[in-house]
>>> print(open('model.txt').read())   # compact mmCIF, C-alpha atoms and all ligand atoms
# COMPACT_ATOMS: atom_id res chain seq x y z
CA MET A 1 -6.91 -11.22 1.71
CA LYS A 2 -5.14 -14.42 0.70
CA THR A 3 -1.46 -13.91 -0.14
CA GLN A 4 -0.42 -15.00 -3.61
CA ARG A 5 2.79 -16.87 -4.26
CA SER A 6 6.09 -15.00 -4.24
CA SER A 7 7.59 -14.75 -7.70
CA ARG A 8 11.11 -14.73 -6.33
CA LEU A 9 11.81 -18.44 -6.64
CA ARG A 10 14.33 -18.25 -9.48
CA GLY A 11 15.60 -15.26 -11.44
CA PHE A 12 13.20 -13.47 -13.77
CA SER A 13 14.77 -14.54 -17.06
CA THR A 14 15.26 -18.10 -15.83
CA ARG A 15 11.53 -18.35 -15.21
CA ALA A 16 10.73 -16.53 -18.46
CA ILE A 17 12.69 -19.23 -20.32
CA HIS A 18 11.98 -22.41 -18.33
CA GLU A 19 8.90 -22.11 -16.11
CA GLY A 20 6.15 -24.63 -16.73
CA TYR A 21 7.91 -26.77 -19.34
CA ASP A 22 10.11 -29.85 -19.18
CA PRO A 23 11.60 -30.90 -22.56
CA GLY A 24 12.24 -34.37 -21.08
CA SER A 25 8.50 -35.02 -21.06
CA HIS A 26 8.23 -34.08 -24.75
CA HIS A 27 10.89 -36.17 -26.56
CA GLY A 28 13.51 -33.55 -25.63
CA SER A 29 11.80 -30.93 -27.80
CA LEU A 30 13.32 -27.66 -26.60
CA ASN A 31 10.13 -25.78 -27.42
CA PRO A 32 6.65 -26.83 -26.29
CA PRO A 33 4.58 -28.60 -28.95
CA VAL A 34 1.79 -26.58 -30.57
CA TYR A 35 -1.37 -28.60 -29.91
CA LEU A 36 -3.63 -27.92 -32.89
CA ASN A 37 -6.94 -29.33 -31.74
CA ALA A 38 -10.44 -28.16 -30.91
CA THR A 39 -11.46 -31.16 -28.82
CA TYR A 40 -10.01 -33.97 -26.66
CA SER A 41 -11.00 -37.65 -26.69
CA PHE A 42 -11.88 -39.43 -23.45
CA ASP A 43 -10.95 -42.99 -22.46
CA SER A 44 -14.54 -43.52 -21.37
CA ILE A 45 -17.76 -41.57 -21.01
CA ALA A 46 -17.25 -41.74 -17.23
CA GLN A 47 -13.86 -40.02 -17.60
CA GLY A 48 -15.35 -37.28 -19.80
CA GLN A 49 -18.19 -36.76 -17.35
CA SER A 50 -15.86 -36.41 -14.40
CA ARG A 51 -13.67 -33.93 -16.30
CA PHE A 52 -16.73 -31.88 -17.22
CA ALA A 53 -17.83 -31.95 -13.58
CA GLY A 54 -14.38 -30.68 -12.54
CA GLU A 55 -13.81 -33.80 -10.42
CA THR A 56 -10.69 -34.97 -12.28
CA PRO A 57 -8.13 -32.83 -14.10
CA GLY A 58 -7.83 -33.00 -17.88
CA TYR A 59 -8.84 -31.18 -21.00
CA VAL A 60 -12.33 -31.30 -22.52
CA TYR A 61 -12.55 -28.64 -25.26
CA ALA A 62 -10.14 -25.97 -26.47
CA ARG A 63 -12.38 -23.03 -25.51
CA VAL A 64 -11.46 -23.88 -21.89
CA GLY A 65 -7.78 -24.77 -22.31
CA ASN A 66 -4.96 -26.16 -24.42
CA PRO A 67 -1.60 -27.64 -23.30
CA THR A 68 0.48 -25.02 -25.19
CA GLN A 69 -1.60 -22.28 -23.59
CA ALA A 70 -1.18 -23.99 -20.19
CA VAL A 71 2.63 -23.64 -20.37
CA LEU A 72 2.20 -19.95 -21.17
CA GLU A 73 -0.22 -19.52 -18.26
CA GLN A 74 2.12 -21.14 -15.76
CA ARG A 75 4.93 -18.88 -16.97
CA LEU A 76 2.78 -15.75 -16.70
CA ALA A 77 1.64 -16.62 -13.16
CA SER A 78 5.25 -17.08 -12.11
CA LEU A 79 6.47 -13.82 -13.67
CA GLU A 80 3.64 -11.78 -12.09
CA GLY A 81 3.89 -13.56 -8.71
CA GLY A 82 0.26 -14.76 -8.90
CA GLU A 83 -1.24 -18.16 -8.14
CA ALA A 84 -2.72 -18.72 -11.60
CA ALA A 85 -3.12 -17.12 -15.01
CA LEU A 86 -5.47 -17.27 -17.97
CA ALA A 87 -4.34 -16.39 -21.50
CA VAL A 88 -7.00 -15.06 -23.88
CA ALA A 89 -7.35 -13.61 -27.36
CA SER A 90 -6.78 -9.88 -26.66
CA GLY A 91 -6.26 -7.35 -23.90
CA ILE A 92 -9.89 -6.28 -24.14
CA GLY A 93 -10.81 -9.98 -24.02
CA ALA A 94 -8.92 -10.24 -20.72
CA ILE A 95 -10.53 -7.16 -19.16
CA THR A 96 -14.05 -8.12 -20.25
CA ALA A 97 -13.72 -11.81 -19.30
CA LEU A 98 -12.52 -10.83 -15.82
CA ILE A 99 -15.15 -8.19 -15.13
CA TRP A 100 -18.08 -10.13 -16.66
CA SER A 101 -17.20 -13.05 -14.39
CA PHE A 102 -17.91 -11.12 -11.20
CA VAL A 103 -20.08 -8.01 -11.66
CA ARG A 104 -23.84 -7.88 -11.62
CA SER A 105 -26.41 -5.13 -12.00
CA GLY A 106 -26.22 -2.71 -9.06
CA ASP A 107 -22.47 -3.15 -8.57
CA GLU A 108 -20.04 -0.26 -8.80
CA ILE A 109 -16.52 0.13 -10.17
CA VAL A 110 -14.12 2.97 -9.46
CA ALA A 111 -11.65 3.49 -12.30
CA ASP A 112 -8.83 5.91 -12.93
CA LYS A 113 -9.71 8.70 -15.32
CA THR A 114 -7.04 7.83 -17.90
CA LEU A 115 -7.50 4.51 -19.66
CA TYR A 116 -6.83 3.05 -23.09
CA GLY A 117 -9.79 4.17 -25.27
CA CYS A 118 -11.57 0.81 -25.66
CA THR A 119 -11.21 0.03 -21.93
CA PHE A 120 -12.77 3.42 -21.25
CA SER A 121 -15.67 2.58 -23.63
CA PHE A 122 -16.26 -0.84 -22.08
CA LEU A 123 -16.34 0.55 -18.55
CA GLY A 124 -18.05 3.87 -19.25
CA GLN A 125 -20.52 2.92 -21.97
CA GLY A 126 -20.71 -0.88 -22.14
CA LEU A 127 -21.16 -1.80 -18.49
CA SER A 128 -23.56 1.07 -17.74
CA ARG A 129 -26.08 -0.53 -20.15
CA PHE A 130 -26.22 -3.49 -17.76
CA GLY A 131 -26.77 -1.53 -14.55
CA VAL A 132 -23.15 -1.27 -13.39
CA THR A 133 -22.08 2.19 -12.22
CA VAL A 134 -18.52 3.24 -13.07
CA ARG A 135 -16.98 6.34 -11.46
CA PHE A 136 -13.86 7.80 -13.04
CA VAL A 137 -11.59 9.57 -10.56
CA ASP A 138 -7.99 10.75 -10.41
CA LEU A 139 -6.32 7.86 -8.57
CA THR A 140 -3.14 9.87 -8.08
CA VAL A 141 -5.25 11.79 -5.53
CA LEU A 142 -6.12 9.15 -2.92
CA GLU A 143 -8.84 11.31 -1.35
CA GLU A 144 -10.77 11.00 -4.63
CA LEU A 145 -10.72 7.20 -4.29
CA ALA A 146 -11.83 7.34 -0.66
CA ALA A 147 -14.73 9.63 -1.63
CA ALA A 148 -15.86 7.51 -4.62
CA ILE A 149 -15.73 4.04 -3.08
CA THR A 150 -18.93 2.63 -1.51
CA PRO A 151 -19.98 -0.76 -0.06
CA ALA A 152 -21.27 -1.62 -3.58
CA THR A 153 -17.80 -1.14 -5.14
CA GLN A 154 -16.61 -4.49 -6.52
CA PHE A 155 -13.45 -3.35 -8.27
CA VAL A 156 -10.96 -0.52 -8.45
CA PHE A 157 -9.42 -0.53 -11.94
CA PHE A 158 -6.39 1.35 -13.25
CA GLU A 159 -3.37 1.35 -15.54
CA THR A 160 0.03 2.53 -14.34
CA PRO A 161 1.73 4.23 -16.09
CA THR A 162 -1.47 5.38 -17.76
CA ASN A 163 -2.03 5.23 -21.50
CA PRO A 164 -1.33 7.75 -22.99
CA ASN A 165 -0.33 10.48 -20.53
CA MET A 166 2.05 8.49 -18.28
CA ARG A 167 0.52 9.30 -14.87
CA VAL A 168 1.83 6.90 -12.23
CA ILE A 169 -0.51 5.46 -9.57
CA ASP A 170 0.56 4.14 -6.15
CA ILE A 171 -0.51 0.48 -6.30
CA ALA A 172 0.04 -0.31 -2.60
CA ALA A 173 -1.78 2.82 -1.40
CA VAL A 174 -4.78 2.23 -3.68
CA ALA A 175 -4.93 -1.45 -2.68
CA LYS A 176 -5.02 -0.53 1.01
CA ILE A 177 -7.95 1.89 0.63
CA ALA A 178 -9.82 -0.53 -1.67
CA HIS A 179 -9.35 -3.52 0.65
CA ASP A 180 -10.44 -1.55 3.71
CA GLN A 181 -13.77 -1.09 1.87
CA GLY A 182 -13.97 -4.69 0.62
CA ALA A 183 -13.25 -3.85 -3.04
CA ARG A 184 -10.73 -5.76 -5.16
CA VAL A 185 -8.02 -4.15 -7.26
CA ILE A 186 -7.33 -4.79 -10.95
CA VAL A 187 -4.12 -3.33 -12.41
CA ASP A 188 -3.61 -3.21 -16.17
CA ASN A 189 0.14 -3.88 -16.26
CA THR A 190 0.50 -3.60 -20.05
CA TYR A 191 2.77 -0.53 -19.90
CA GLY A 192 4.72 -1.89 -16.94
CA THR A 193 5.17 -5.61 -17.71
CA PRO A 194 6.15 -7.89 -14.82
CA TRP A 195 9.76 -6.92 -15.36
CA LEU A 196 9.09 -3.32 -14.34
CA GLN A 197 6.51 -3.89 -11.59
CA ARG A 198 4.53 -6.72 -10.00
CA PRO A 199 1.23 -5.30 -8.78
CA ILE A 200 0.15 -8.49 -6.95
CA GLU A 201 3.23 -8.26 -4.72
CA LEU A 202 2.13 -4.69 -3.94
CA GLY A 203 -1.38 -5.73 -2.93
CA ALA A 204 -3.38 -5.90 -6.19
CA ASP A 205 -5.82 -8.81 -6.56
CA PHE A 206 -5.67 -9.12 -10.35
CA VAL A 207 -3.28 -8.14 -13.10
CA VAL A 208 -4.51 -7.85 -16.68
CA HIS A 209 -2.39 -7.50 -19.79
CA SER A 210 -2.64 -6.73 -23.40
CA MET A 211 0.01 -9.30 -24.38
CA THR A 212 -0.23 -7.82 -27.89
CA LYS A 213 2.39 -5.36 -26.63
CA TYR A 214 5.64 -5.99 -24.72
CA LEU A 215 4.96 -9.61 -23.75
CA SER A 216 4.67 -10.65 -27.38
CA GLY A 217 7.14 -7.95 -28.32
CA HIS A 218 7.05 -8.42 -32.07
CA GLY A 219 3.71 -7.01 -33.22
CA ASP A 220 2.66 -10.32 -34.74
CA LEU A 221 -0.41 -11.26 -32.67
CA LEU A 222 -3.21 -10.08 -30.38
CA ALA A 223 -3.48 -11.59 -26.91
CA GLY A 224 -4.42 -10.82 -23.31
CA ALA A 225 -3.98 -12.29 -19.85
CA VAL A 226 -5.53 -12.27 -16.39
CA ILE A 227 -3.42 -13.24 -13.35
CA GLY A 228 -4.72 -13.75 -9.80
CA LEU A 229 -5.84 -16.34 -7.26
CA ALA A 230 -6.49 -19.86 -8.61
CA GLU A 231 -10.12 -20.00 -7.49
CA ASP A 232 -10.86 -16.62 -9.11
CA LEU A 233 -9.06 -17.62 -12.31
CA LEU A 234 -11.14 -20.80 -12.49
CA ALA A 235 -14.23 -18.60 -12.44
CA VAL A 236 -12.83 -16.33 -15.16
CA ARG A 237 -12.00 -19.38 -17.30
CA THR A 238 -15.33 -21.15 -16.86
CA VAL A 239 -17.59 -18.07 -16.90
CA GLY A 240 -15.92 -15.02 -18.47
CA LEU A 241 -13.99 -16.93 -21.12
CA LYS A 242 -16.09 -20.06 -21.71
CA ASP A 243 -19.59 -18.60 -21.55
CA MET A 244 -19.45 -14.82 -21.85
CA THR A 245 -16.69 -13.77 -24.27
CA GLY A 246 -15.31 -16.89 -25.97
CA ALA A 247 -12.09 -14.88 -26.38
CA VAL A 248 -9.90 -17.95 -26.88
CA LEU A 249 -6.18 -17.65 -27.66
CA SER A 250 -4.88 -19.98 -30.36
CA ALA A 251 -2.20 -22.57 -29.60
CA PHE A 252 0.07 -21.02 -32.21
CA ASP A 253 -0.22 -17.56 -30.67
CA SER A 254 0.50 -19.16 -27.28
CA PHE A 255 3.69 -20.57 -28.80
CA LEU A 256 4.69 -17.19 -30.25
CA LEU A 257 4.12 -15.60 -26.84
CA LEU A 258 6.30 -18.19 -25.13
CA ARG A 259 9.00 -17.33 -27.66
CA GLY A 260 8.59 -13.59 -27.11
CA ILE A 261 8.60 -13.81 -23.31
CA LYS A 262 11.98 -15.58 -23.30
CA THR A 263 13.61 -12.25 -24.20
CA LEU A 264 11.30 -9.96 -22.19
CA GLU A 265 13.98 -8.88 -19.72
CA LEU A 266 16.52 -8.11 -22.45
CA ARG A 267 13.99 -6.24 -24.54
CA MET A 268 12.56 -4.24 -21.64
CA ALA A 269 16.01 -3.17 -20.50
CA ARG A 270 16.71 -1.85 -24.01
CA HIS A 271 13.27 -0.18 -24.38
CA CYS A 272 13.84 1.56 -21.04
CA ASP A 273 17.42 2.64 -21.82
CA ASN A 274 16.41 4.02 -25.22
CA ALA A 275 13.34 5.80 -23.82
CA LEU A 276 15.19 7.41 -20.90
CA ALA A 277 17.98 8.65 -23.18
CA LEU A 278 15.50 9.98 -25.71
CA ALA A 279 13.33 11.64 -23.04
CA ARG A 280 16.39 13.42 -21.67
CA GLN A 281 17.25 14.68 -25.18
CA LEU A 282 13.70 15.87 -25.78
CA GLU A 283 13.30 17.65 -22.44
CA GLY A 284 14.32 21.24 -22.97
CA HIS A 285 14.34 20.93 -26.78
CA PRO A 286 12.83 24.17 -28.16
CA ALA A 287 10.24 22.24 -30.22
CA VAL A 288 8.93 20.40 -27.15
CA GLY A 289 6.33 22.14 -24.97
CA SER A 290 5.76 19.38 -22.39
CA ILE A 291 7.11 15.87 -21.99
CA TYR A 292 5.69 13.07 -19.84
CA TYR A 293 8.11 10.30 -18.90
CA PRO A 294 8.28 9.00 -15.31
CA GLY A 295 12.07 8.70 -15.43
CA LEU A 296 12.49 12.48 -15.69
CA GLN A 297 12.85 14.32 -12.40
CA SER A 298 10.30 16.84 -13.69
CA HIS A 299 7.60 14.14 -13.74
CA PRO A 300 5.12 14.71 -10.87
CA GLN A 301 5.37 11.08 -9.73
CA PHE A 302 9.13 10.60 -10.29
CA ALA A 303 9.69 9.54 -6.65
CA LEU A 304 6.82 7.04 -6.72
CA ALA A 305 7.92 5.63 -10.08
CA SER A 306 11.49 5.27 -8.76
CA ARG A 307 10.35 3.08 -5.89
CA GLN A 308 7.50 1.22 -7.61
CA MET A 309 9.21 0.37 -10.91
CA THR A 310 12.49 -1.36 -11.80
CA ALA A 311 12.99 1.19 -14.60
CA PHE A 312 10.67 3.68 -16.28
CA GLY A 313 9.33 1.90 -19.34
CA GLY A 314 9.43 2.49 -23.07
CA MET A 315 6.60 4.96 -23.56
CA ILE A 316 6.92 8.74 -23.92
CA ALA A 317 4.15 11.31 -24.38
CA LEU A 318 4.79 14.89 -25.42
CA GLU A 319 3.11 18.07 -26.56
CA LEU A 320 4.97 20.17 -29.07
CA ALA A 321 5.41 23.89 -28.49
CA GLY A 322 3.58 24.45 -31.80
CA GLY A 323 0.53 22.47 -30.63
CA TYR A 324 -1.47 19.93 -32.64
CA GLU A 325 -0.29 21.16 -36.10
CA ALA A 326 3.36 20.86 -35.09
CA GLY A 327 2.60 17.42 -33.66
CA VAL A 328 1.18 16.25 -36.99
CA ARG A 329 4.18 17.70 -38.87
CA PHE A 330 6.48 15.86 -36.45
CA MET A 331 4.69 12.53 -36.93
CA ASP A 332 4.55 13.00 -40.71
CA SER A 333 8.31 13.71 -40.78
CA VAL A 334 9.70 10.65 -39.00
CA LYS A 335 11.47 8.26 -41.36
CA LEU A 336 12.77 5.39 -39.21
CA ALA A 337 9.91 5.45 -36.67
CA GLN A 338 6.60 4.21 -38.00
CA ARG A 339 3.23 5.94 -37.79
CA ALA A 340 1.12 3.26 -36.07
CA VAL A 341 -0.95 2.54 -32.98
CA SER A 342 -0.06 -0.28 -30.56
CA LEU A 343 3.15 -0.37 -28.56
CA GLY A 344 5.95 -2.52 -27.26
CA ASP A 345 7.23 -3.63 -30.65
CA ALA A 346 10.84 -3.68 -31.81
CA GLU A 347 9.99 -0.78 -34.14
CA THR A 348 9.51 2.72 -32.73
CA LEU A 349 5.87 3.77 -33.25
CA VAL A 350 4.36 7.26 -33.15
CA GLN A 351 0.65 8.07 -33.04
CA HIS A 352 -1.92 10.73 -32.13
CA PRO A 353 -4.01 9.46 -29.16
CA ALA A 354 -6.89 11.99 -29.44
CA SER A 355 -7.79 10.86 -32.98
CA MET A 356 -6.59 7.26 -32.77
CA THR A 357 -6.25 5.10 -29.63
CA HIS A 358 -8.37 7.44 -27.49
CA ASN A 359 -10.91 8.64 -30.07
CA ASN A 360 -13.76 7.04 -28.12
CA TYR A 361 -13.46 9.85 -25.56
CA THR A 362 -15.58 12.89 -26.44
CA GLU A 363 -13.72 16.18 -26.59
CA GLU A 364 -15.11 17.13 -23.16
CA GLU A 365 -14.13 13.75 -21.69
CA ARG A 366 -10.63 14.02 -23.12
CA GLU A 367 -10.15 17.44 -21.55
CA ALA A 368 -11.62 16.34 -18.20
CA HIS A 369 -9.46 13.21 -18.25
CA GLY A 370 -6.22 15.03 -19.10
CA ILE A 371 -5.70 13.70 -22.65
CA SER A 372 -4.86 16.83 -24.61
CA PHE A 373 -5.56 17.14 -28.33
CA GLY A 374 -1.93 18.03 -29.00
CA LEU A 375 -0.50 14.94 -27.29
CA VAL A 376 1.84 12.76 -29.36
CA ARG A 377 2.74 9.25 -28.15
CA ILE A 378 6.01 7.48 -28.85
CA SER A 379 6.49 3.76 -28.25
CA VAL A 380 10.26 3.68 -28.14
CA GLY A 381 11.61 0.64 -29.96
CA LEU A 382 14.80 -1.38 -29.89
CA GLU A 383 16.67 0.39 -32.67
CA ASN A 384 20.19 1.72 -32.32
CA LEU A 385 19.82 4.80 -30.09
CA GLU A 386 21.87 7.13 -32.31
CA ASP A 387 19.78 6.25 -35.37
CA LEU A 388 16.57 6.65 -33.45
CA SER A 389 17.38 9.96 -31.84
CA ALA A 390 18.67 11.34 -35.16
CA ASP A 391 15.31 10.47 -36.72
CA ILE A 392 13.26 11.98 -33.89
CA LEU A 393 15.39 15.13 -33.73
CA GLN A 394 15.27 15.76 -37.51
CA ALA A 395 11.46 15.39 -37.42
CA LEU A 396 11.25 17.80 -34.46
CA ASP A 397 13.37 20.34 -36.31
CA LEU A 398 11.15 20.08 -39.39
CA ALA A 399 8.02 20.43 -37.26
CA HIS A 400 9.45 23.40 -35.37
CA ASN A 401 10.88 25.35 -38.27
CA ALA A 402 8.03 24.90 -40.80
C1 LIG A 501 -2.71 1.21 -28.03
N1 LIG A 501 -3.66 -0.48 -26.64
O1 LIG A 501 -2.61 1.92 -27.01
P1 LIG A 501 -5.75 -5.40 -27.16
N2 LIG A 501 -4.79 -2.20 -22.09
C2 LIG A 501 -3.91 -1.25 -22.49
C3 LIG A 501 -3.72 -1.01 -23.86
O2 LIG A 501 -2.83 -0.08 -24.22
C4 LIG A 501 -4.46 -1.75 -24.81
C5 LIG A 501 -5.37 -2.72 -24.34
C6 LIG A 501 -5.50 -2.93 -22.98
C7 LIG A 501 -3.49 -0.04 -27.93
C8 LIG A 501 -4.03 -0.67 -29.01
C9 LIG A 501 -4.23 -0.13 -30.35
C10 LIG A 501 -3.15 -0.48 -21.47
C11 LIG A 501 -4.32 -1.50 -26.22
C12 LIG A 501 -6.19 -3.56 -25.29
O3 LIG A 501 -5.53 -4.46 -28.29
O4 LIG A 501 -7.18 -5.82 -27.02
O5 LIG A 501 -4.78 -6.56 -27.12
O6 LIG A 501 -5.39 -4.58 -25.80
O7 LIG A 501 -2.12 1.52 -29.09
>>> encode(input="model.txt", output="structure tokens")
Amino acid sequence: MKTQRSSRLRGFSTRAIHEGYDPGSHHGSLNPPVYLNATYSFDSIAQGQSRFAGETPGYVYARVGNPTQAVLEQRLASLEGGEAALAVASGIGAITALIWSFVRSGDEIVADKTLYGCTFSFLGQGLSRFGVTVRFVDLTVLEELAAAITPATQFVFFETPTNPNMRVIDIAAVAKIAHDQGARVIVDNTYGTPWLQRPIELGADFVVHSMTKYLSGHGDLLAGAVIGLAEDLLAVRTVGLKDMTGAVLSAFDSFLLLRGIKTLELRMARHCDNALALARQLEGHPAVGSIYYPGLQSHPQFALASRQMTAFGGMIALELAGGYEAGVRFMDSVKLAQRAVSLGDAETLVQHPASMTHNNYTEEEREAHGISFGLVRISVGLENLEDLSADILQALDLAHNA
């Protein structure tokens, strides 16, 4: 496998703020211009033809690229330690554009059994209509991967930590087994972000993101990204994006993402600090039956998470001792936290995966895939920790003592 570029050229935040943009080339404008255009004019028909043929660099039409988006893509590639990146209109747009670019009828995919609901639908229901076989296995048990992979396996796909139940998967170990069988590895790094883990440096071939979440950080847009080798990314841009999904990111959303990513390190550090402190308060609380946070020593993959991740992320899942009804009372009782899906925003968000983000699983699938009906998900925000924990604890008390 070809080795992708090391991301360790300059510090993380330095690259998050400066990579891919030189104000001196843009009248000193500190921020990149927002290029609001659908098309690009050519000096001559010959120039346009050679750009279309891929013989000379340059833009042709905004479905294939835009200079504001290009700055964002260079920055993303640097942060993830990949050769190239493609920014698209949503996380699902990124996953579909990548997979549509390479799979054909008869191919197989092995995926972890816990995935964001719409990813699960695309893989499990969407692709099967086109002759692609997807096997869902528990990728924390490497023997299950070895048993499921065949010479027809194109991709091994997983999230880590998994949405919503926070299982942690060993990226390097999965990549080794997959590569030995000629399959390529896609890691959805939405929960992790490149600040917490860089899957390509651990052996993954592709990283995908819902940039709607931590990378944007402010809940004001939908976006996705694919990062990987330049030749593969060219295929994803010219096939998966241009011809198969058309999931184009706007220049303005590219600009907002560049703004959000400047503070990614600061925000992630605060998300992680708040989440770890809150998880420690919740563990052992009489209202809490089970809690899933990889920074707690009780988490089954605590040792793996400690070596694979810089810190443990901003997401917590829990089951209340009083089950689903207590969970609903808890979510209905929060005052500072908001009842909403999505994650990675400044605001703390609580939601019920079984009926919301993961409602495309049938009841049987949910149980088989370890997503319990009583599970409550918290996306821990950036609020003052004392205010946040007071809100969560008062809601837990109300839920417990009702
Ligand atoms: C949610 N998640 O969980 P777009 N990959 C992961 C995700 O969590 C999501 C996507 C991809 C949630 C949305 C409502 C790990 C989304 C899909 O929504 O297409 O940008 O990302 O609350």
>>> residues_around(input="model.txt", residues="Ile109 of chain A", least_positions_apart="4", cutoff="12 Å", atoms="only C-alpha atoms", output="ChimeraX atom specification")
/A:99,102-105,122-124,127-128,131-137,145,148-158,178,183-186
>>> closest_residue(input="model.txt", among="A:Gly381, A:Gly81, A:Gly322, A:Gly240", to="Ser101 of chain A", atoms="all atoms listed in the file")
A:Gly240
>>> residues_near_ligand(input="model.txt", ligand="ligand LIG 501 (chain A)", cutoff="6 Å", atoms="all atoms listed in the file", output="PyMOL selection string")
chain A and resi 90-92+116+163+188+190+210+212+222-224+341-343+357
>>> atom_distance(input="model.txt", atom1="atom CA of Val168 of chain A", atom2="atom CA of Met309 of chain A")
9.9 Å
>>> atom_distance(input="model.txt", atom1="atom CA of Ser216 of chain A", atom2="atom CA of Thr193 of chain A")
10.9 Å
>>> decode(input="model.txt", residues="segment 167-182 of chain A", atoms="N, CA and C atoms", output="PDB file, in the first residue's frame")
ATOM      1  N   ARG A 167     -18.545   2.013  21.135  1.00  0.00           N
ATOM      2  CA  ARG A 167     -17.544   0.940  21.035  1.00  0.00           C
ATOM      3  C   ARG A 167     -16.320   1.509  20.320  1.00  0.00           C
ATOM      4  N   VAL A 168     -15.143   0.999  20.684  1.00  0.00           N
ATOM      5  CA  VAL A 168     -13.910   1.521  20.076  1.00  0.00           C
ATOM      6  C   VAL A 168     -13.248   0.384  19.295  1.00  0.00           C
ATOM      7  N   ILE A 169     -12.879   0.667  18.043  1.00  0.00           N
ATOM      8  CA  ILE A 169     -12.334  -0.366  17.145  1.00  0.00           C
ATOM      9  C   ILE A 169     -10.855  -0.076  16.874  1.00  0.00           C
ATOM     10  N   ASP A 170     -10.064  -1.141  16.853  1.00  0.00           N
ATOM     11  CA  ASP A 170      -8.611  -1.031  16.690  1.00  0.00           C
ATOM     12  C   ASP A 170      -8.298  -0.810  15.202  1.00  0.00           C
ATOM     13  N   ILE A 171      -8.007   0.423  14.832  1.00  0.00           N
ATOM     14  CA  ILE A 171      -7.842   0.779  13.414  1.00  0.00           C
ATOM     15  C   ILE A 171      -6.666   0.011  12.802  1.00  0.00           C
ATOM     16  N   ALA A 172      -5.528  -0.001  13.484  1.00  0.00           N
ATOM     17  CA  ALA A 172      -4.330  -0.651  12.922  1.00  0.00           C
ATOM     18  C   ALA A 172      -4.558  -2.150  12.744  1.00  0.00           C
ATOM     19  N   ALA A 173      -5.202  -2.780  13.722  1.00  0.00           N
ATOM     20  CA  ALA A 173      -5.412  -4.236  13.640  1.00  0.00           C
ATOM     21  C   ALA A 173      -6.382  -4.577  12.514  1.00  0.00           C
ATOM     22  N   VAL A 174      -7.456  -3.794  12.376  1.00  0.00           N
ATOM     23  CA  VAL A 174      -8.415  -4.051  11.289  1.00  0.00           C
ATOM     24  C   VAL A 174      -7.740  -3.829   9.939  1.00  0.00           C
ATOM     25  N   ALA A 175      -6.939  -2.751   9.832  1.00  0.00           N
ATOM     26  CA  ALA A 175      -6.282  -2.443   8.554  1.00  0.00           C
ATOM     27  C   ALA A 175      -5.352  -3.589   8.150  1.00  0.00           C
ATOM     28  N   LYS A 176      -4.673  -4.167   9.122  1.00  0.00           N
ATOM     29  CA  LYS A 176      -3.732  -5.253   8.772  1.00  0.00           C
ATOM     30  C   LYS A 176      -4.486  -6.445   8.186  1.00  0.00           C
ATOM     31  N   ILE A 177      -5.556  -6.865   8.851  1.00  0.00           N
ATOM     32  CA  ILE A 177      -6.322  -8.023   8.353  1.00  0.00           C
ATOM     33  C   ILE A 177      -6.924  -7.706   6.982  1.00  0.00           C
ATOM     34  N   ALA A 178      -7.476  -6.486   6.842  1.00  0.00           N
ATOM     35  CA  ALA A 178      -8.109  -6.111   5.570  1.00  0.00           C
ATOM     36  C   ALA A 178      -7.073  -6.108   4.445  1.00  0.00           C
ATOM     37  N   HIS A 179      -5.914  -5.502   4.683  1.00  0.00           N
ATOM     38  CA  HIS A 179      -4.904  -5.394   3.630  1.00  0.00           C
ATOM     39  C   HIS A 179      -4.349  -6.759   3.234  1.00  0.00           C
ATOM     40  N   ASP A 180      -4.213  -7.644   4.228  1.00  0.00           N
ATOM     41  CA  ASP A 180      -3.726  -8.992   3.899  1.00  0.00           C
ATOM     42  C   ASP A 180      -4.650  -9.684   2.901  1.00  0.00           C
ATOM     43  N   GLN A 181      -5.935  -9.276   2.917  1.00  0.00           N
ATOM     44  CA  GLN A 181      -6.925  -9.889   2.002  1.00  0.00           C
ATOM     45  C   GLN A 181      -7.201  -8.992   0.796  1.00  0.00           C
ATOM     46  N   GLY A 182      -6.461  -7.882   0.663  1.00  0.00           N
ATOM     47  CA  GLY A 182      -6.647  -7.011  -0.501  1.00  0.00           C
ATOM     48  C   GLY A 182      -7.828  -6.066  -0.409  1.00  0.00           C
TER      49      GLY A 182
END
